[in-house]
Amino acid sequence: MNKRQRVKKDKEFQQVFKTGKSIANRQFVVYSLRKEGQIEFRIGLSVSKKVGNAVTRNRIKRYIRQSFLEMKEEVQDNMDYVIIARHQAAKLDFHETKKSLQHVLRIAKVLKREKK
């Protein structure tokens, strides 16, 4: 994921938190905010120190980024997403992480189409 695909500034995070909608499952909370005129989606990640040590937190962030990279055709382009990892996310491998993210994004109705 390149820099223009990331939500980095606190102001941008707060805007998504305040005006976006949130959906959650056991592993992740996803906030989504529609941004008109935006060409590609952006993601912001938040993994608390309560989730695990630095190695665990960085592994979770890598898994989330790779999942979004593989789902880029399915995810709506004109959106900002903020993903908050919950404690249970530390126990997941990559495939479980991707499946859990697909589940929560499907509930949020932000996927373009269902995969067959």
# chains A, B, ... in the order shown; residues from 1 in each chain; ligands from 1
call {"tool": "select_by_dssp", "arguments": {"residues": "chain A", "states": "strand (DSSP E or B)", "output": "list in words"}}
result
Arg6, Lys21, Ser22, Ile23, Ala24, Phe28, Val29, Val30, Tyr31, Ser32, Leu33, Arg34, Arg42, Ile43, Gly44, Leu45, Ser46, Val47, Val75, Met79, Asp80, Tyr81, Val82, Ile83, Ile84, Ala85 and Leu111 of chain A
call {"tool": "residues_around", "arguments": {"residues": "range 82-92 of chain A", "least_positions_apart": "2", "cutoff": "9 Å", "atoms": "only C-alpha atoms", "output": "MDAnalysis selection string"}}
result
chainID A and resid 7 13 16:17 26:33 42:48 50:52 56:57 59:61 64 80 94:97
call {"tool": "atom_distance", "arguments": {"atom1": "CA of Lys21 in chain A", "atom2": "CA of Lys99 in chain A"}}
result
20.7 Å
call {"tool": "closest_residue", "arguments": {"among": "A:Gln15, A:Gln5, A:Asn25, A:Ser67", "to": "His103 in chain A", "atoms": "only C-alpha atoms"}}
result
A:Asn25
call {"tool": "closest_residue", "arguments": {"among": "A:Leu111, A:Gln14, A:Asn2, A:Lys9", "to": "Lys72 in chain A", "atoms": "only C-alpha atoms"}}
result
A:Leu111
call {"tool": "atom_distance", "arguments": {"atom1": "CA of Phe68 in chain A", "atom2": "CA of Val104 in chain A"}}
result
12.6 Å
call {"tool": "residues_around", "arguments": {"residues": "Met71 in chain A", "least_positions_apart": "5", "cutoff": "12 Å", "atoms": "only C-alpha atoms", "output": "list in words"}}
result
Phe41, Ile64, Arg65, Gln66, Gln76, Asp77, Lys98, Lys99, Leu101, Gln102, Leu105, Arg106, Val110, Leu111, Lys112, Arg113, Glu114 and Lys115 of chain A
call {"tool": "select_by_dssp", "arguments": {"residues": "chain A", "states": "helix (DSSP H, G or I)", "output": "number ranges by chain"}}
result
A: 3-5, 10-19, 54-70, 87-91, 94-107
call {"tool": "write_last_selection", "arguments": {"atoms": "C-alpha atoms", "output": "JSON list (two decimals), in the first residue's frame"}}
result
[["chain", "number", "residue", "atom", "x", "y", "z"],
["A", 3, "LYS", "CA", 1.21, 6.55, 1.04],
["A", 4, "ARG", "CA", -1.83, 7.97, -0.70],
["A", 5, "GLN", "CA", -3.81, 4.86, 0.29],
["A", 10, "ASP", "CA", -5.20, 12.42, 13.56],
["A", 11, "LYS", "CA", -7.62, 14.91, 11.98],
["A", 12, "GLU", "CA", -8.51, 12.36, 9.27],
["A", 13, "PHE", "CA", -8.96, 9.59, 11.84],
["A", 14, "GLN", "CA", -11.26, 11.80, 13.93],
["A", 15, "GLN", "CA", -13.34, 12.71, 10.87],
["A", 16, "VAL", "CA", -13.90, 9.02, 10.09],
["A", 17, "PHE", "CA", -14.76, 8.28, 13.74],
["A", 18, "LYS", "CA", -17.21, 11.17, 14.06],
["A", 19, "THR", "CA", -19.03, 11.07, 10.72],
["A", 54, "ALA", "CA", 5.26, -5.02, 18.94],
["A", 55, "VAL", "CA", 5.87, -8.16, 16.88],
["A", 56, "THR", "CA", 2.23, -9.23, 17.24],
["A", 57, "ARG", "CA", 0.86, -5.75, 16.48],
["A", 58, "ASN", "CA", 3.01, -5.37, 13.37],
["A", 59, "ARG", "CA", 2.02, -8.85, 12.15],
["A", 60, "ILE", "CA", -1.68, -7.94, 12.50],
["A", 61, "LYS", "CA", -1.12, -4.70, 10.54],
["A", 62, "ARG", "CA", 0.74, -6.57, 7.78],
["A", 63, "TYR", "CA", -2.09, -9.11, 7.53],
["A", 64, "ILE", "CA", -4.72, -6.35, 7.30],
["A", 65, "ARG", "CA", -2.77, -4.43, 4.63],
["A", 66, "GLN", "CA", -2.23, -7.59, 2.56],
["A", 67, "SER", "CA", -5.89, -8.54, 2.90],
["A", 68, "PHE", "CA", -6.97, -5.15, 1.57],
["A", 69, "LEU", "CA", -4.42, -5.43, -1.23],
["A", 70, "GLU", "CA", -5.92, -8.77, -2.28],
["A", 87, "HIS", "CA", -7.60, -8.70, 21.22],
["A", 88, "GLN", "CA", -8.87, -11.83, 19.39],
["A", 89, "ALA", "CA", -7.14, -10.68, 16.18],
["A", 90, "ALA", "CA", -3.78, -11.67, 17.69],
["A", 91, "LYS", "CA", -4.73, -15.37, 17.46],
["A", 94, "PHE", "CA", -3.45, -14.54, 7.52],
["A", 95, "HIS", "CA", -6.32, -16.50, 5.95],
["A", 96, "GLU", "CA", -8.48, -16.18, 9.06],
["A", 97, "THR", "CA", -7.73, -12.45, 9.18],
["A", 98, "LYS", "CA", -8.78, -11.99, 5.56],
["A", 99, "LYS", "CA", -11.95, -14.03, 6.09],
["A", 100, "SER", "CA", -12.86, -12.01, 9.19],
["A", 101, "LEU", "CA", -12.28, -8.71, 7.36],
["A", 102, "GLN", "CA", -14.41, -9.89, 4.43],
["A", 103, "HIS", "CA", -17.14, -10.81, 6.89],
["A", 104, "VAL", "CA", -17.21, -7.42, 8.61],
["A", 105, "LEU", "CA", -16.97, -5.53, 5.28],
["A", 106, "ARG", "CA", -19.86, -7.57, 3.89],
["A", 107, "ILE", "CA", -21.96, -6.65, 6.94]]
